[in-house]
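Please read the structure below before turning to the comments.
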Amino acid sequence: MAPKSLTPASTNVVQTLWKAYSDHTSDRLKFIDAFLVFLMLSGIAQFLYCVLVTDYPFNAFLSGFASTVGQFVMTASLRSQVNPENKNEFKEISPERAFGDFALGSIVLHFFVYNFLG
């Protein structure tokens with residue numbers, strides 16, 4: 001007998017979680033979350049391609065994967081800084097300043113990734 005993947009109780013939990021996320025999360029944070037999901041899927045695709053197809057040239061894989069992971073980390077940091085619930089932890093940092101730091105960090109990250117390609 002095959003196990004059921006989602007029971008009615010777990011479906012209810014997922015629906016409740018999704019509804020709470022949709023109702024209480026701002027559009028700005030949803031946009032950042034969508035970018036985080038894209039980065040995660042991009043990193044998974046790069047890793048699977050390296051494992052299943054080829055890792056030649058290896059520098060290209062390392063550059064692409066490091067770029068994806070680095071961008072994910074910086075985007076997660078941006079999300080935590082612009083989240084209104086974390087206002088007490090980031091009192092001195094405005095959302096505009098957080099985005100400026102994110103943009104400058106992204107430029108520096110991709111400069112190093114480009115140079116690593118050779």
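Starting from 1 in every chain, residues are counted up; chains themselves are A, B, ... following the order of the structure tokens, and ligands are numbered from 1 as listed.
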Using DSSP on the backbone coordinates, identify the residues of chain A assigned to helix (DSSP H, G or I); present them as a PyMOL selection string. chain A and resi 8-24+27-52+58-82+84-86+95-117
Near Tyr49 of chain A, within 12 Å and counting only C-alpha atoms, which residues show up once chain neighbours fewer than 3 positions away are dropped, as a PyMOL selection string? chain A and resi 42-46+52-56+58+60-61+64-65
Export all heavy atoms of the chosen residues as a short mmCIF file (atom, residue, chain, number, x, y, z; two decimals), in the first residue's frame?
data_model
loop_
_atom_site.label_atom_id
_atom_site.label_comp_id
_atom_site.auth_asym_id
_atom_site.auth_seq_id
_atom_site.Cartn_x
_atom_site.Cartn_y
_atom_site.Cartn_z
N SER A 42 17.83 28.24 -9.19
CA SER A 42 18.97 28.40 -10.08
C SER A 42 20.19 27.66 -9.55
O SER A 42 20.90 26.99 -10.31
CB SER A 42 19.28 29.89 -10.24
OG SER A 42 20.42 30.08 -11.03
N GLY A 43 20.45 27.75 -8.26
CA GLY A 43 21.57 27.03 -7.67
C GLY A 43 21.39 25.53 -7.75
O GLY A 43 22.35 24.80 -8.03
N ILE A 44 20.17 25.06 -7.52
CA ILE A 44 19.89 23.63 -7.63
C ILE A 44 20.11 23.15 -9.07
O ILE A 44 20.71 22.09 -9.30
CB ILE A 44 18.46 23.32 -7.14
CG1 ILE A 44 18.37 23.51 -5.63
CG2 ILE A 44 18.04 21.91 -7.53
CD1 ILE A 44 16.96 23.47 -5.08
N ALA A 45 19.64 23.93 -10.03
CA ALA A 45 19.81 23.55 -11.44
C ALA A 45 21.28 23.50 -11.82
O ALA A 45 21.73 22.57 -12.51
CB ALA A 45 19.07 24.54 -12.34
N GLN A 46 22.07 24.47 -11.35
CA GLN A 46 23.51 24.46 -11.65
C GLN A 46 24.19 23.25 -11.03
O GLN A 46 25.03 22.61 -11.66
CB GLN A 46 24.16 25.73 -11.12
CG GLN A 46 23.80 26.97 -11.88
CD GLN A 46 24.42 28.20 -11.27
OE1 GLN A 46 25.44 28.13 -10.60
NE2 GLN A 46 23.80 29.34 -11.52
N LEU A 52 25.14 15.73 -12.98
CA LEU A 52 24.59 14.78 -13.94
C LEU A 52 25.20 14.88 -15.33
O LEU A 52 25.30 13.87 -16.04
CB LEU A 52 23.07 14.98 -14.04
CG LEU A 52 22.30 14.73 -12.75
CD1 LEU A 52 20.82 15.04 -12.95
CD2 LEU A 52 22.48 13.30 -12.28
N VAL A 53 25.59 16.07 -15.76
CA VAL A 53 26.06 16.23 -17.14
C VAL A 53 27.58 16.34 -17.18
O VAL A 53 28.26 15.43 -17.63
CB VAL A 53 25.39 17.45 -17.82
CG1 VAL A 53 25.87 17.61 -19.24
CG2 VAL A 53 23.88 17.30 -17.79
N THR A 54 28.10 17.46 -16.75
CA THR A 54 29.55 17.67 -16.77
C THR A 54 29.92 18.81 -15.85
O THR A 54 29.11 19.67 -15.57
CB THR A 54 30.06 17.98 -18.19
OG1 THR A 54 31.48 18.10 -18.16
CG2 THR A 54 29.47 19.27 -18.72
N ASP A 55 31.16 18.78 -15.39
CA ASP A 55 31.65 19.89 -14.59
C ASP A 55 32.73 20.66 -15.34
O ASP A 55 33.48 21.43 -14.74
CB ASP A 55 32.16 19.41 -13.23
CG ASP A 55 33.36 18.50 -13.35
OD1 ASP A 55 33.69 18.10 -14.47
OD2 ASP A 55 33.97 18.20 -12.31
N TYR A 56 32.83 20.43 -16.65
CA TYR A 56 33.83 21.15 -17.44
C TYR A 56 33.21 22.40 -18.03
O TYR A 56 32.13 22.32 -18.60
CB TYR A 56 34.36 20.27 -18.56
CG TYR A 56 35.38 20.99 -19.41
CD1 TYR A 56 36.69 21.11 -18.97
CD2 TYR A 56 35.02 21.56 -20.61
CE1 TYR A 56 37.63 21.78 -19.73
CE2 TYR A 56 35.95 22.24 -21.38
CZ TYR A 56 37.25 22.34 -20.93
OH TYR A 56 38.16 23.02 -21.68
N PHE A 58 35.31 23.69 -14.81
CA PHE A 58 34.95 23.72 -13.39
C PHE A 58 34.92 25.14 -12.85
O PHE A 58 34.12 25.45 -11.97
CB PHE A 58 35.92 22.85 -12.59
CG PHE A 58 35.42 22.53 -11.21
CD1 PHE A 58 34.25 21.82 -11.03
CD2 PHE A 58 36.11 22.96 -10.10
CE1 PHE A 58 33.78 21.52 -9.76
CE2 PHE A 58 35.66 22.65 -8.83
CZ PHE A 58 34.49 21.95 -8.66
N ALA A 60 33.78 27.72 -14.32
CA ALA A 60 32.48 28.29 -14.65
C ALA A 60 31.43 27.83 -13.65
O ALA A 60 30.59 28.62 -13.21
CB ALA A 60 32.07 27.89 -16.06
N PHE A 61 31.46 26.55 -13.29
CA PHE A 61 30.52 26.06 -12.29
C PHE A 61 30.74 26.74 -10.96
O PHE A 61 29.78 27.20 -10.32
CB PHE A 61 30.63 24.54 -12.11
CG PHE A 61 29.96 24.05 -10.86
CD1 PHE A 61 28.58 24.06 -10.75
CD2 PHE A 61 30.71 23.62 -9.78
CE1 PHE A 61 27.95 23.63 -9.59
CE2 PHE A 61 30.10 23.19 -8.62
CZ PHE A 61 28.71 23.20 -8.52
N GLY A 64 29.50 30.41 -11.14
CA GLY A 64 28.05 30.51 -11.17
C GLY A 64 27.41 30.13 -9.85
O GLY A 64 26.50 30.80 -9.36
N PHE A 65 27.90 29.06 -9.25
CA PHE A 65 27.32 28.60 -7.99
C PHE A 65 27.65 29.57 -6.86
O PHE A 65 26.78 29.89 -6.03
CB PHE A 65 27.83 27.20 -7.67
CG PHE A 65 27.03 26.51 -6.60
CD1 PHE A 65 25.74 26.06 -6.86
CD2 PHE A 65 27.55 26.32 -5.34
CE1 PHE A 65 25.00 25.43 -5.88
CE2 PHE A 65 26.82 25.69 -4.35
CZ PHE A 65 25.54 25.24 -4.62
#
Which residue is closest to Val37 of chain A? Choose from A:Thr68, A:Leu62, A:Cys50, A:Tyr21 and count only C-alpha atoms. A:Thr68
Surrounding residues of Glu92 of chain A excluding itself and chain neighbours under 5 positions, 12 Å, only C-alpha atoms, as JSON, numbers by chain: {"A": [81, 82, 86, 87, 97, 98]}
